[in-house]
Each structure stands twice: as C-alpha cells, then as structure tokens.
>>> print(open('input-v9.cif').read())   # mmCIF, C-alpha atoms
data_query
#
loop_
_atom_site.group_PDB
_atom_site.id
_atom_site.type_symbol
_atom_site.label_atom_id
_atom_site.label_comp_id
_atom_site.auth_asym_id
_atom_site.auth_seq_id
_atom_site.Cartn_x
_atom_site.Cartn_y
_atom_site.Cartn_z
ATOM 1 C CA MET G 585 1.688 -109.929 8.867
ATOM 2 C CA ARG G 586 2.056 -108.238 12.255
ATOM 3 C CA LYS G 587 3.346 -105.067 10.598
ATOM 4 C CA ASN G 588 0.306 -105.029 8.327
ATOM 5 C CA LYS G 589 -2.054 -105.278 11.283
ATOM 6 C CA LYS G 590 -0.328 -102.394 13.069
ATOM 7 C CA ALA G 591 -0.531 -100.227 9.943
ATOM 8 C CA LYS G 592 -4.242 -100.983 9.697
ATOM 9 C CA ILE G 593 -4.849 -99.922 13.310
ATOM 10 C CA VAL G 594 -2.888 -96.697 12.809
ATOM 11 C CA MET G 595 -4.859 -95.988 9.625
ATOM 12 C CA GLU G 596 -8.242 -96.576 11.322
ATOM 13 C CA THR G 597 -7.311 -94.338 14.236
ATOM 14 C CA LEU G 598 -6.100 -91.678 11.843
ATOM 15 C CA ILE G 599 -9.338 -91.747 9.835
ATOM 16 C CA PHE G 600 -11.340 -91.580 13.070
ATOM 17 C CA LEU G 601 -9.354 -88.557 14.254
ATOM 18 C CA VAL G 602 -9.573 -86.798 10.879
ATOM 19 C CA LEU G 603 -13.355 -87.299 10.753
ATOM 20 C CA ASN G 604 -13.707 -85.879 14.257
ATOM 21 C CA LEU G 605 -11.521 -82.944 13.365
ATOM 22 C CA VAL G 606 -13.560 -82.268 10.205
ATOM 23 C CA PHE G 607 -16.751 -82.369 12.248
ATOM 24 C CA PHE G 608 -15.536 -79.841 14.809
ATOM 25 C CA VAL G 609 -14.076 -77.541 12.140
ATOM 26 C CA VAL G 610 -17.374 -77.573 10.187
ATOM 27 C CA MET G 611 -19.344 -76.877 13.371
ATOM 28 C CA LEU G 612 -17.021 -74.033 14.365
ATOM 29 C CA ILE G 613 -17.258 -72.436 10.912
ATOM 30 C CA PHE G 614 -21.061 -72.791 10.956
ATOM 31 C CA ALA G 615 -21.391 -71.308 14.452
ATOM 32 C CA TYR G 616 -18.977 -68.469 13.606
ATOM 33 C CA SER G 617 -20.725 -67.543 10.361
ATOM 34 C CA SER G 618 -24.113 -67.688 12.102
ATOM 35 C CA GLY G 619 -23.023 -65.264 14.793
ATOM 36 C CA ASP G 620 -23.558 -62.269 12.542
ATOM 37 C CA ARG G 621 -27.055 -62.896 11.304
ATOM 38 C CA GLU G 622 -27.533 -59.680 9.377
ATOM 39 C CA PHE G 623 -31.250 -60.185 8.991
ATOM 40 C CA VAL G 624 -31.905 -59.562 12.684
ATOM 41 C CA TYR G 625 -29.908 -56.310 12.488
ATOM 42 C CA GLU G 626 -31.637 -55.281 9.262
ATOM 43 C CA GLN G 627 -35.032 -55.870 10.852
ATOM 44 C CA THR G 628 -34.080 -53.939 13.980
ATOM 45 C CA LEU G 629 -32.763 -50.901 12.119
ATOM 46 C CA SER G 630 -35.654 -50.683 9.636
ATOM 47 C CA LYS G 631 -38.202 -50.904 12.458
ATOM 48 C CA GLU G 632 -36.313 -48.402 14.580
ATOM 49 C CA ILE G 633 -36.232 -45.847 11.748
ATOM 50 C CA ALA G 634 -39.932 -46.411 10.915
ATOM 51 C CA LEU G 635 -40.862 -45.843 14.563
ATOM 52 C CA ILE G 636 -38.737 -42.684 14.693
ATOM 53 C CA ILE G 637 -40.473 -41.317 11.591
ATOM 54 C CA ASP G 638 -43.946 -42.142 12.942
ATOM 55 C CA ASN G 639 -43.114 -40.571 16.277
ATOM 56 C CA SER G 640 -41.788 -37.306 14.886
ATOM 57 C CA LYS G 641 -43.299 -34.081 13.643
ATOM 58 C CA PRO G 642 -42.427 -31.866 10.668
ATOM 59 C CA THR G 643 -39.331 -29.698 10.892
ATOM 60 C CA MET G 644 -37.508 -32.167 13.104
ATOM 61 C CA ILE G 645 -34.051 -33.545 12.366
ATOM 62 C CA ILE G 646 -33.212 -36.765 14.139
ATOM 63 C CA SER G 647 -29.715 -38.179 14.267
ATOM 64 C CA LEU G 648 -29.199 -41.876 14.802
ATOM 65 C CA ASP G 649 -25.841 -43.526 15.475
ATOM 66 C CA ILE G 650 -25.556 -46.486 13.112
ATOM 67 C CA SER G 651 -21.844 -47.276 13.539
ATOM 68 C CA LYS G 652 -22.622 -50.874 14.554
ATOM 69 C CA TYR G 653 -24.554 -51.383 11.302
ATOM 70 C CA ILE G 654 -21.876 -49.692 9.183
ATOM 71 C CA GLU G 655 -19.327 -52.150 10.598
ATOM 72 C CA ILE G 656 -21.462 -55.121 9.511
ATOM 73 C CA ALA G 657 -22.084 -53.598 6.069
ATOM 74 C CA GLU G 658 -18.366 -52.972 5.544
ATOM 75 C CA LYS G 659 -17.656 -56.571 6.481
ATOM 76 C CA ASN G 660 -20.135 -57.634 3.784
ATOM 77 C CA LYS G 661 -18.684 -55.172 1.231
ATOM 78 C CA GLN G 662 -21.973 -53.294 1.086
ATOM 79 C CA PRO G 663 -21.448 -49.581 0.243
ATOM 80 C CA ILE G 664 -22.513 -47.552 3.278
ATOM 81 C CA GLU G 665 -24.673 -45.189 1.236
ATOM 82 C CA LYS G 666 -26.808 -48.204 0.306
ATOM 83 C CA ILE G 667 -27.474 -49.323 3.880
ATOM 84 C CA VAL G 668 -30.692 -47.335 4.384
ATOM 85 C CA LYS G 669 -33.056 -46.468 1.570
ATOM 86 C CA LEU G 670 -36.448 -44.816 1.564
ATOM 87 C CA ASN G 671 -39.203 -45.866 -0.777
ATOM 88 C CA LYS G 672 -41.519 -42.864 -0.689
ATOM 89 C CA GLU G 673 -44.044 -44.485 -3.047
ATOM 90 C CA GLU G 674 -44.752 -47.198 -0.510
ATOM 91 C CA ASN G 675 -43.746 -45.299 2.641
ATOM 92 C CA ARG G 676 -41.091 -47.899 3.380
ATOM 93 C CA VAL G 677 -37.708 -47.901 5.026
ATOM 94 C CA GLY G 678 -35.389 -50.523 3.592
ATOM 95 C CA VAL G 679 -32.168 -51.683 5.220
ATOM 96 C CA ASN G 680 -29.556 -53.766 3.397
ATOM 97 C CA LEU G 681 -26.467 -54.775 5.317
ATOM 98 C CA LYS G 682 -25.345 -57.186 2.624
ATOM 99 C CA GLN G 683 -25.428 -57.042 -1.152
ATOM 100 C CA LYS G 684 -28.379 -59.420 -1.481
ATOM 101 C CA GLY G 685 -31.566 -59.389 0.578
ATOM 102 C CA GLY G 686 -32.595 -56.927 3.240
ATOM 103 C CA SER G 687 -35.541 -55.933 5.358
ATOM 104 C CA SER G 688 -38.133 -53.212 4.936
ATOM 105 C CA TYR G 689 -40.790 -51.697 7.175
ATOM 106 C CA GLN G 690 -43.641 -49.338 6.464
ATOM 107 C CA TYR G 691 -44.246 -46.053 8.272
ATOM 108 C CA PHE G 692 -47.629 -44.335 8.360
ATOM 109 C CA SER G 693 -46.567 -40.724 8.655
ATOM 110 C CA ASP G 694 -47.313 -38.564 5.613
ATOM 111 C CA SER G 695 -44.475 -36.129 6.243
ATOM 112 C CA ASN G 696 -41.819 -35.506 3.642
ATOM 113 C CA VAL G 697 -38.965 -37.679 4.908
ATOM 114 C CA SER G 698 -35.403 -37.686 3.657
ATOM 115 C CA ILE G 699 -32.196 -39.218 4.984
ATOM 116 C CA GLU G 700 -28.539 -38.361 4.861
ATOM 117 C CA LEU G 701 -25.474 -40.146 6.160
ATOM 118 C CA GLU G 702 -22.892 -38.087 7.996
ATOM 119 C CA LYS G 703 -19.997 -40.249 9.145
ATOM 120 C CA ASN G 704 -21.583 -42.687 11.594
ATOM 121 C CA LEU G 705 -24.773 -40.696 12.000
ATOM 122 C CA LEU G 706 -27.919 -41.182 10.010
ATOM 123 C CA LEU G 707 -29.762 -37.879 9.788
ATOM 124 C CA ILE G 708 -33.504 -38.172 9.319
ATOM 125 C CA TYR G 709 -35.140 -34.969 8.093
ATOM 126 C CA ILE G 710 -38.872 -34.645 8.729
ATOM 127 C CA LYS G 711 -40.424 -31.884 6.650
ATOM 128 C CA GLU G 712 -43.945 -30.717 5.840
ATOM 129 C CA LYS G 713 -45.700 -32.849 3.224
ATOM 130 C CA ASN G 714 -45.455 -30.305 0.413
ATOM 131 C CA GLU G 715 -42.087 -28.894 1.339
ATOM 132 C CA MET Z 720 -11.247 -104.219 23.749
ATOM 133 C CA ASN Z 721 -12.386 -106.490 20.933
ATOM 134 C CA LYS Z 722 -12.926 -105.306 17.367
ATOM 135 C CA GLN Z 723 -16.744 -105.576 17.511
ATOM 136 C CA ALA Z 724 -16.964 -103.379 20.625
ATOM 137 C CA GLU Z 725 -14.648 -100.797 19.057
ATOM 138 C CA LYS Z 726 -16.840 -100.524 15.943
ATOM 139 C CA LEU Z 727 -19.962 -100.163 18.069
ATOM 140 C CA LEU Z 728 -18.320 -97.415 20.108
ATOM 141 C CA SER Z 729 -17.337 -95.395 17.040
ATOM 142 C CA ILE Z 730 -20.880 -95.693 15.626
ATOM 143 C CA TRP Z 731 -22.233 -94.320 18.919
ATOM 144 C CA TRP Z 732 -19.608 -91.623 18.916
ATOM 145 C CA PHE Z 733 -20.735 -90.393 15.481
ATOM 146 C CA PHE Z 734 -24.355 -90.621 16.590
ATOM 147 C CA VAL Z 735 -23.531 -88.350 19.548
ATOM 148 C CA LEU Z 736 -21.735 -85.944 17.203
ATOM 149 C CA GLY Z 737 -24.830 -85.915 14.957
ATOM 150 C CA VAL Z 738 -27.047 -85.050 17.917
ATOM 151 C CA ILE Z 739 -24.693 -82.205 18.925
ATOM 152 C CA ALA Z 740 -24.623 -80.896 15.343
ATOM 153 C CA GLY Z 741 -28.425 -81.065 15.149
ATOM 154 C CA GLY Z 742 -28.718 -79.149 18.413
ATOM 155 C CA ILE Z 743 -26.383 -76.400 17.240
ATOM 156 C CA VAL Z 744 -28.151 -76.079 13.863
ATOM 157 C CA ILE Z 745 -31.617 -75.927 15.478
ATOM 158 C CA GLY Z 746 -30.398 -73.349 18.004
ATOM 159 C CA VAL Z 747 -28.906 -71.166 15.284
ATOM 160 C CA LEU Z 748 -32.041 -71.445 13.128
ATOM 161 C CA ILE Z 749 -34.253 -70.408 16.054
ATOM 162 C CA TYR Z 750 -31.979 -67.439 16.699
ATOM 163 C CA SER Z 751 -31.817 -66.345 13.069
ATOM 164 C CA SER Z 752 -35.572 -66.609 12.538
ATOM 165 C CA ALA Z 753 -36.222 -64.459 15.610
ATOM 166 C CA ASP Z 754 -38.721 -61.724 14.924
ATOM 167 C CA VAL Z 755 -38.454 -58.239 16.378
ATOM 168 C CA ASN Z 756 -42.101 -57.558 17.111
ATOM 169 C CA ILE Z 757 -43.009 -53.896 17.470
ATOM 170 C CA LYS Z 758 -46.707 -54.096 16.604
ATOM 171 C CA GLU Z 759 -47.760 -53.072 20.101
ATOM 172 C CA VAL Z 760 -45.358 -50.120 20.227
ATOM 173 C CA GLU Z 761 -46.539 -49.073 16.782
ATOM 174 C CA SER Z 762 -50.223 -49.142 17.750
ATOM 175 C CA ASN Z 763 -49.333 -47.074 20.824
ATOM 176 C CA VAL Z 764 -47.515 -44.528 18.668
ATOM 177 C CA LEU Z 765 -50.495 -44.305 16.319
ATOM 178 C CA ALA Z 766 -52.961 -43.750 19.184
ATOM 179 C CA GLU Z 767 -50.695 -41.109 20.792
ATOM 180 C CA ARG Z 768 -50.238 -39.381 17.459
ATOM 181 C CA ILE Z 769 -54.011 -39.131 16.936
ATOM 182 C CA ILE Z 770 -54.575 -37.791 20.453
ATOM 183 C CA ASP Z 771 -51.803 -35.267 19.947
ATOM 184 C CA CYS Z 772 -53.366 -34.118 16.693
ATOM 185 C CA LEU Z 773 -56.951 -33.834 17.940
ATOM 186 C CA ILE Z 774 -56.338 -32.230 21.318
ATOM 187 C CA ASP Z 775 -54.606 -28.921 21.747
ATOM 188 C CA ASN Z 776 -53.933 -27.725 25.294
ATOM 189 C CA GLY Z 777 -56.724 -29.909 26.612
ATOM 190 C CA ASN Z 778 -59.231 -28.605 24.056
ATOM 191 C CA LEU Z 779 -60.753 -30.796 21.377
ATOM 192 C CA LYS Z 780 -60.151 -29.156 18.002
ATOM 193 C CA GLU Z 781 -63.362 -27.955 16.347
ATOM 194 C CA ASP Z 782 -62.160 -28.927 12.868
ATOM 195 C CA ILE Z 783 -63.297 -32.525 13.351
ATOM 196 C CA PHE Z 784 -66.948 -31.437 13.100
ATOM 197 C CA GLU Z 785 -66.458 -29.697 9.764
ATOM 198 C CA GLU Z 786 -68.243 -31.167 6.777
ATOM 199 C CA ASN Z 787 -65.236 -32.144 4.636
ATOM 200 C CA PHE Z 788 -63.055 -33.164 7.535
ATOM 201 C CA ASN Z 789 -60.426 -35.716 6.551
ATOM 202 C CA ILE Z 790 -58.775 -37.312 9.561
ATOM 203 C CA LEU Z 791 -55.829 -38.668 7.554
ATOM 204 C CA ASP Z 792 -54.883 -35.271 6.125
ATOM 205 C CA PHE Z 793 -55.540 -33.561 9.427
ATOM 206 C CA CYS Z 794 -53.281 -35.895 11.399
ATOM 207 C CA ASN Z 795 -50.664 -36.148 8.667
ATOM 208 C CA LEU Z 796 -51.274 -39.855 8.061
ATOM 209 C CA ASN Z 797 -50.608 -41.426 4.670
ATOM 210 C CA SER Z 798 -53.851 -42.315 2.878
ATOM 211 C CA ARG Z 799 -52.240 -45.182 0.885
ATOM 212 C CA VAL Z 800 -50.991 -46.833 4.064
ATOM 213 C CA PHE Z 801 -54.528 -46.764 5.490
ATOM 214 C CA GLY Z 802 -56.125 -47.987 2.245
ATOM 215 C CA VAL Z 803 -57.434 -51.420 1.288
ATOM 216 C CA GLY Z 804 -55.489 -54.311 2.835
ATOM 217 C CA SER Z 805 -53.796 -51.985 5.287
ATOM 218 C CA ASN Z 806 -51.686 -53.284 8.157
ATOM 219 C CA PHE Z 807 -53.093 -50.552 10.368
ATOM 220 C CA TYR Z 808 -56.403 -49.551 11.844
ATOM 221 C CA PHE Z 809 -57.759 -46.860 14.095
ATOM 222 C CA ASN Z 810 -61.128 -45.804 15.420
ATOM 223 C CA ILE Z 811 -61.905 -42.509 17.105
ATOM 224 C CA SER Z 812 -65.067 -42.070 19.156
ATOM 225 C CA VAL Z 813 -65.984 -38.859 20.919
ATOM 226 C CA TYR Z 814 -68.652 -39.003 23.603
ATOM 227 C CA ASP Z 815 -70.523 -36.094 25.162
ATOM 228 C CA SER Z 816 -71.732 -37.755 28.375
ATOM 229 C CA GLU Z 817 -72.943 -41.049 26.911
ATOM 230 C CA LYS Z 818 -73.891 -39.646 23.511
ATOM 231 C CA LEU Z 819 -71.628 -40.457 20.581
ATOM 232 C CA ILE Z 820 -70.964 -37.176 18.776
ATOM 233 C CA PHE Z 821 -68.122 -38.201 16.482
ATOM 234 C CA ASN Z 822 -66.929 -41.499 15.111
ATOM 235 C CA VAL Z 823 -64.463 -42.381 12.385
ATOM 236 C CA SER Z 824 -62.513 -45.510 11.435
ATOM 237 C CA LYS Z 825 -59.696 -45.966 8.944
ATOM 238 C CA GLY Z 826 -57.553 -48.867 7.799
ATOM 239 C CA SER Z 827 -58.489 -52.553 7.996
ATOM 240 C CA LEU Z 828 -61.861 -52.486 9.689
ATOM 241 C CA SER Z 829 -61.734 -56.180 10.608
ATOM 242 C CA PHE Z 830 -58.973 -55.405 13.103
ATOM 243 C CA GLU Z 831 -61.557 -54.106 15.574
ATOM 244 C CA GLU Z 832 -62.964 -57.613 15.990
ATOM 245 C CA ASP Z 833 -59.447 -59.079 15.941
ATOM 246 C CA CYS Z 834 -58.484 -56.809 18.830
ATOM 247 C CA LYS Z 835 -61.343 -58.219 20.921
ATOM 248 C CA ILE Z 836 -60.238 -61.768 20.107
ATOM 249 C CA GLN Z 837 -56.624 -60.881 20.853
ATOM 250 C CA GLU Z 838 -57.671 -59.775 24.334
ATOM 251 C CA GLU Z 839 -58.989 -63.265 25.025
ATOM 252 C CA VAL Z 840 -56.500 -65.423 23.141
ATOM 253 C CA ASP Z 841 -52.856 -64.723 22.379
ATOM 254 C CA ALA Z 842 -52.738 -65.246 18.613
ATOM 255 C CA LYS Z 843 -49.362 -64.743 16.944
ATOM 256 C CA HIS Z 844 -50.598 -63.424 13.609
ATOM 257 C CA PHE Z 845 -53.310 -61.167 14.985
ATOM 258 C CA PRO Z 846 -52.894 -57.399 15.249
ATOM 259 C CA ARG Z 847 -51.704 -55.839 18.462
ATOM 260 C CA CYS Z 848 -53.954 -53.095 19.740
ATOM 261 C CA SER Z 849 -53.814 -50.069 21.943
ATOM 262 C CA GLU Z 850 -56.810 -48.294 23.445
ATOM 263 C CA LYS Z 851 -56.465 -44.835 24.936
ATOM 264 C CA GLN Z 852 -59.002 -42.597 26.616
ATOM 265 C CA GLU Z 853 -58.689 -38.860 27.043
ATOM 266 C CA ILE Z 854 -60.925 -36.185 28.487
ATOM 267 C CA ALA Z 855 -60.943 -32.894 26.592
ATOM 268 C CA LEU Z 856 -62.853 -29.638 26.659
ATOM 269 C CA PHE Z 857 -65.279 -28.877 23.880
ATOM 270 C CA ASN Z 858 -67.725 -25.943 24.067
ATOM 271 C CA ASP Z 859 -66.957 -25.637 27.805
ATOM 272 C CA LYS Z 860 -68.012 -29.218 28.342
ATOM 273 C CA ASN Z 861 -65.984 -32.301 29.047
ATOM 274 C CA VAL Z 862 -65.999 -34.804 26.220
ATOM 275 C CA ARG Z 863 -64.439 -38.258 26.266
ATOM 276 C CA LEU Z 864 -62.244 -39.498 23.421
ATOM 277 C CA ILE Z 865 -61.671 -43.205 22.958
ATOM 278 C CA ILE Z 866 -58.978 -44.143 20.469
ATOM 279 C CA LEU Z 867 -58.444 -47.717 19.407
ATOM 280 C CA ALA Z 868 -55.354 -48.261 17.249
ATOM 281 C CA ALA Z 869 -54.018 -51.517 15.863
ATOM 282 C CA SER Z 870 -51.037 -52.692 13.860
ATOM 283 C CA ASN Z 871 -50.417 -56.006 12.197
ATOM 284 C CA GLN Z 872 -47.271 -55.174 10.316
ATOM 285 C CA ASN Z 873 -44.568 -57.821 10.144
ATOM 286 C CA GLY Z 874 -42.168 -56.111 7.756
ATOM 287 C CA LYS Z 875 -40.853 -57.543 4.531
ATOM 288 C CA LYS Z 876 -37.785 -59.371 3.382
ATOM 289 C CA ILE Z 877 -36.533 -57.679 0.259
ATOM 290 C CA SER Z 878 -34.061 -58.343 -2.502
ATOM 291 C CA VAL Z 879 -33.838 -54.890 -4.049
ATOM 292 C CA ILE Z 880 -35.793 -51.776 -3.165
#
>>> encode(input="input-v9.cif", output="structure tokens")
Amino acid sequence: MRKNKKAKIVMETLIFLVLNLVFFVVMLIFAYSSGDREFVYEQTLSKEIALIIDNSKPTMIISLDISKYIEIAEKNKQPIEKIVKLNKEENRVGVNLKQKGGSSYQYFSDSNVSIELEKNLLLIYIKEKNE
Amino acid sequence: MNKQAEKLLSIWWFFVLGVIAGGIVIGVLIYSSADVNIKEVESNVLAERIIDCLIDNGNLKEDIFEENFNILDFCNLNSRVFGVGSNFYFNISVYDSEKLIFNVSKGSLSFEEDCKIQEEVDAKHFPRCSEKQEIALFNDKNVRLIILAASNQNGKKISVI
C-alpha cells in the first residue's frame, strides 16, 4: 500500500517534469526557428535593389555585397542564382531566400537593367533603354 | 503540503507557462510582420531624379516647353509604372514670378490630396510625400520649380516570379 503511494508520487512528479521539459524544448525550437525570419531579409534586399536602380543612371554598374543573404539562402537550400530575379515586364525586383515565397518591389526607372552574380557580389548593370 | 494545494499549484504553474508562451509567440509575430517602410525615401529619390533631369547646370531645360514633350520619356521613367492604379505620383510646377508657366502630373492623381491629409494626420496606408523647390535660370530669368513626389508602394509577397 505504502509502496504504491510512493510510486504514484514519483510518477506524478515525473509527468510534471516531462511536461515542463517539453514546454521549454518547444519554446526553444520556436524561438530558434523564428530567429531567421527570411521575409524581413527578402523585403530589405528587394527594396534596397529597387532604390539602387531608381537612384542610378544609364551606363552605371553597381556592385552590392549580398554574402549575408547567400548564407541564408544556402541554409534554406535555395540555389544562389535564384535569389534575385528581375521581372522586366512589371519593373519588379524579386528576392527569394527560400524555395517557397519571397518578396518583390517595383522600381520606376525605365533603364535597361540586368543583374549578374559574381561570388558574393551582385552586379547591377544600368544601361540605356534601347541598349 | 496537502494534495489539493499541490494540484492548485501545478495548475497555476501551467497557466504561467501559457502566459510566457503567449508572450514569446506575440513578440515573434510582431517581429516577423515588421515592415521595412521606404516610401519616404522613394518619394525623395523620385523628386531628386526629376530635378536632376530638368535642370542642367542651374538652367531649366527648354525641351519641357516643346509641343510633344513627354516627361516620362524625358526623365527615363517607366510609363507602365505611372499608369492607372500606380503606386507613385509626381507633379511639376514651374513659376515665372507668380505665373504658372508649366505644370504636369503623372501617376495616381489622388495622391496630391492624400499628401495634404498626411501632413495633418499620420495615416499608415497613405502615401509618403516629398516636396522640393529649386530655382533655375530660364531665358536669363529666375524660375521656381516645385516638385511634389509621392509613393505608396508596400511591396508584394510572392510565390513564384
């Protein structure tokens, strides 16, 4: 009888401890996975590139260090050549740091824009409209 | 400690854990939904770009008074971006003394009113505006350019471009 009671107390304490442990593990995993919110980075890079394009003139070449973004993309198994894309039909810069989703931003310049990735540098070529 | 008190304590303990979890989740959600707002910078860039394109060495370019003058082509601005439902707007007024000698607007025309409202009230979804004034020489006379530019672009979440 006494042994039974002791076993019950041990069991209750064990369940209590396990539940607490589960809670803290879940919270830690959630906080850790939330640390790298790609969407904020995607937004930042797309807006930065759009502003660069709008602020530049034809025959300029601008180089932008995107090593921080490449790191995030590699972590998400996103091919680096797919990180930044230009949609010339809509004058949009799109940035995808993960395989699904992404962020895009429109630029108003009518220059002929093209991009190229060289190691950690994103080269933005600004050419005349009809070039 | 009696059994009843122990049970009550563990219920409170889990309630406290719930509150902590809620706090963390809310904090993370606020962080992840943070918006990088560059509307004001963008309207500034647009206004500067127009000034840079219309004034050369302090002289107002004569082209603007030509019959088939197209401000978008002249300033290398995309006509589709400034079409119907545009996220951008600009107005250029050129004054000789107090006389308006040139005026053109492109983009979402309603933004002009929105800019006035925005000055009075800070509205989150309203465009951000930038007004610039420049003095330039035209026909040996000083003329005053007033450029009002506005942007209300929020960007888009995309799945595939």
>>> residues_near_point(input="input-v9.cif", point="(-32.0, -56.8, 13.5)", cutoff="10 Å", atoms="all atoms listed in the file", output="number ranges by chain")
G: 621-632, 653, 679, 687; Z: 751, 753-755
>>> closest_atom_pairs(input="input-v9.cif", of="chain Z", to="chain G", cutoff="7 Å", atoms="only C-alpha atoms", output="tab-separated table")
residue	atom	partner	partner_atom	distance
Z:Ala740	CA	G:Met611	CA	6.9
Z:Val747	CA	G:Ser618	CA	6.7
Z:Ser751	CA	G:Arg621	CA	6.1
Z:Val755	CA	G:Thr628	CA	6.6
Z:Glu761	CA	G:Leu635	CA	6.9
Z:Val764	CA	G:Asn639	CA	6.4
Z:Asn795	CA	G:Asp694	CA	5.1
Z:Leu796	CA	G:Ser693	CA	4.8
Z:Asn797	CA	G:Asp694	CA	4.5
Z:Val800	CA	G:Phe692	CA	6.0
Z:Gly874	CA	G:Tyr689	CA	4.7
Z:Lys875	CA	G:Ser688	CA	5.1
Z:Lys876	CA	G:Ser687	CA	4.6
Z:Ile877	CA	G:Gly686	CA	5.0
Z:Ser878	CA	G:Gly685	CA	4.1
Z:Val879	CA	G:Gly685	CA	6.8
Z:Ile880	CA	G:Gly678	CA	6.9
>>> resolve_selection(input="input-v9.cif", expression="the PyMOL selection byres ((chain G and resi 697) around 6)", output="JSON list (two decimals) with C-alpha atoms, keeping the file's coordinate frame")
[["chain", "number", "residue", "atom", "x", "y", "z"],
["G", 695, "SER", "CA", -44.48, -36.13, 6.24],
["G", 696, "ASN", "CA", -41.82, -35.51, 3.64],
["G", 698, "SER", "CA", -35.40, -37.69, 3.66],
["G", 709, "TYR", "CA", -35.14, -34.97, 8.09],
["G", 710, "ILE", "CA", -38.87, -34.65, 8.73]]
>>> resolve_selection(input="input-v9.cif", expression="the PyMOL selection byres ((chain Z and resi 791) around 12)", output="VMD selection string")
(chain G and resid 692 to 695) or (chain Z and resid 765 768 to 769 772 to 773 783 787 to 790 792 to 802 808 to 811 823 to 826)
>>> closest_residue(input="input-v9.cif", among="Z:Asn822, Z:Gln837, Z:Ser805, Z:Gln852", to="Ile774 (chain Z)", atoms="only C-alpha atoms")
Z:Gln852
>>> resolve_selection(input="input-v9.cif", expression="the PyMOL selection byres ((chain Z and resi 858-873) around 6)", output="ChimeraX atom specification")
/Z:758,762,766,806-815,846-857,874
>>> atom_distance(input="input-v9.cif", atom1="CA of Lys703 (chain G)", atom2="CA of Ser651 (chain G)")
8.5 Å
>>> atom_distance(input="input-v9.cif", atom1="CA of Asp782 (chain Z)", atom2="CA of Val803 (chain Z)")
25.7 Å
>>> atom_distance(input="input-v9.cif", atom1="CA of Glu785 (chain Z)", atom2="CA of Ile637 (chain G)")
28.5 Å
>>> closest_residue(input="input-v9.cif", among="G:Met595, G:Met644, G:Ile650, G:Leu701", to="Glu665 (chain G)", atoms="only C-alpha atoms")
G:Leu701
>>> decode(input="input-v9.cif", residues="region 685-705 of chain G", atoms="N, CA and C atoms", output="PDB file, in the first residue's frame")
ATOM      1  N   GLY G 685       7.743  31.188 -51.559  1.00  0.00           N
ATOM      2  CA  GLY G 685       7.534  32.563 -51.105  1.00  0.00           C
ATOM      3  C   GLY G 685       8.604  33.504 -51.599  1.00  0.00           C
ATOM      4  N   GLY G 686       8.622  34.694 -51.044  1.00  0.00           N
ATOM      5  CA  GLY G 686       9.581  35.705 -51.474  1.00  0.00           C
ATOM      6  C   GLY G 686       8.956  37.077 -51.367  1.00  0.00           C
ATOM      7  N   SER G 687       9.720  38.071 -51.776  1.00  0.00           N
ATOM      8  CA  SER G 687       9.231  39.443 -51.699  1.00  0.00           C
ATOM      9  C   SER G 687       9.636  40.175 -52.977  1.00  0.00           C
ATOM     10  N   SER G 688       8.763  41.027 -53.466  1.00  0.00           N
ATOM     11  CA  SER G 688       9.134  41.782 -54.670  1.00  0.00           C
ATOM     12  C   SER G 688       8.799  43.255 -54.502  1.00  0.00           C
ATOM     13  N   TYR G 689       9.534  44.092 -55.217  1.00  0.00           N
ATOM     14  CA  TYR G 689       9.354  45.541 -55.106  1.00  0.00           C
ATOM     15  C   TYR G 689       9.540  46.171 -56.486  1.00  0.00           C
ATOM     16  N   GLN G 690       8.723  47.159 -56.754  1.00  0.00           N
ATOM     17  CA  GLN G 690       8.736  47.775 -58.078  1.00  0.00           C
ATOM     18  C   GLN G 690       9.689  48.969 -58.129  1.00  0.00           C
ATOM     19  N   TYR G 691      10.393  49.102 -59.250  1.00  0.00           N
ATOM     20  CA  TYR G 691      11.220  50.298 -59.453  1.00  0.00           C
ATOM     21  C   TYR G 691      10.627  51.097 -60.603  1.00  0.00           C
ATOM     22  N   PHE G 692      10.846  52.413 -60.598  1.00  0.00           N
ATOM     23  CA  PHE G 692      10.190  53.244 -61.614  1.00  0.00           C
ATOM     24  C   PHE G 692      11.107  53.646 -62.760  1.00  0.00           C
ATOM     25  N   SER G 693      12.365  53.334 -62.642  1.00  0.00           N
ATOM     26  CA  SER G 693      13.307  53.700 -63.696  1.00  0.00           C
ATOM     27  C   SER G 693      13.009  52.902 -64.971  1.00  0.00           C
ATOM     28  N   ASP G 694      13.185  53.550 -66.121  1.00  0.00           N
ATOM     29  CA  ASP G 694      12.919  52.880 -67.391  1.00  0.00           C
ATOM     30  C   ASP G 694      14.207  52.389 -68.057  1.00  0.00           C
ATOM     31  N   SER G 695      15.286  52.414 -67.331  1.00  0.00           N
ATOM     32  CA  SER G 695      16.562  51.958 -67.900  1.00  0.00           C
ATOM     33  C   SER G 695      16.522  50.447 -68.138  1.00  0.00           C
ATOM     34  N   ASN G 696      17.441  50.003 -68.970  1.00  0.00           N
ATOM     35  CA  ASN G 696      17.556  48.571 -69.221  1.00  0.00           C
ATOM     36  C   ASN G 696      18.433  47.979 -68.113  1.00  0.00           C
ATOM     37  N   VAL G 697      17.805  47.256 -67.210  1.00  0.00           N
ATOM     38  CA  VAL G 697      18.531  46.746 -66.029  1.00  0.00           C
ATOM     39  C   VAL G 697      18.801  45.249 -66.171  1.00  0.00           C
ATOM     40  N   SER G 698      19.990  44.848 -65.831  1.00  0.00           N
ATOM     41  CA  SER G 698      20.275  43.408 -65.778  1.00  0.00           C
ATOM     42  C   SER G 698      21.158  43.137 -64.553  1.00  0.00           C
ATOM     43  N   ILE G 699      21.122  41.889 -64.096  1.00  0.00           N
ATOM     44  CA  ILE G 699      21.912  41.552 -62.901  1.00  0.00           C
ATOM     45  C   ILE G 699      22.785  40.329 -63.165  1.00  0.00           C
ATOM     46  N   GLU G 700      23.827  40.241 -62.391  1.00  0.00           N
ATOM     47  CA  GLU G 700      24.750  39.117 -62.522  1.00  0.00           C
ATOM     48  C   GLU G 700      25.354  38.863 -61.149  1.00  0.00           C
ATOM     49  N   LEU G 701      25.531  37.596 -60.822  1.00  0.00           N
ATOM     50  CA  LEU G 701      26.121  37.273 -59.525  1.00  0.00           C
ATOM     51  C   LEU G 701      27.578  36.870 -59.704  1.00  0.00           C
ATOM     52  N   GLU G 702      28.450  37.545 -58.992  1.00  0.00           N
ATOM     53  CA  GLU G 702      29.873  37.204 -59.074  1.00  0.00           C
ATOM     54  C   GLU G 702      30.363  36.957 -57.651  1.00  0.00           C
ATOM     55  N   LYS G 703      30.513  35.698 -57.324  1.00  0.00           N
ATOM     56  CA  LYS G 703      30.830  35.277 -55.952  1.00  0.00           C
ATOM     57  C   LYS G 703      29.795  35.857 -54.981  1.00  0.00           C
ATOM     58  N   ASN G 704      30.239  36.738 -54.082  1.00  0.00           N
ATOM     59  CA  ASN G 704      29.295  37.294 -53.118  1.00  0.00           C
ATOM     60  C   ASN G 704      28.739  38.651 -53.553  1.00  0.00           C
ATOM     61  N   LEU G 705      29.119  39.059 -54.753  1.00  0.00           N
ATOM     62  CA  LEU G 705      28.699  40.384 -55.214  1.00  0.00           C
ATOM     63  C   LEU G 705      27.586  40.276 -56.243  1.00  0.00           C
TER      64      LEU G 705
END
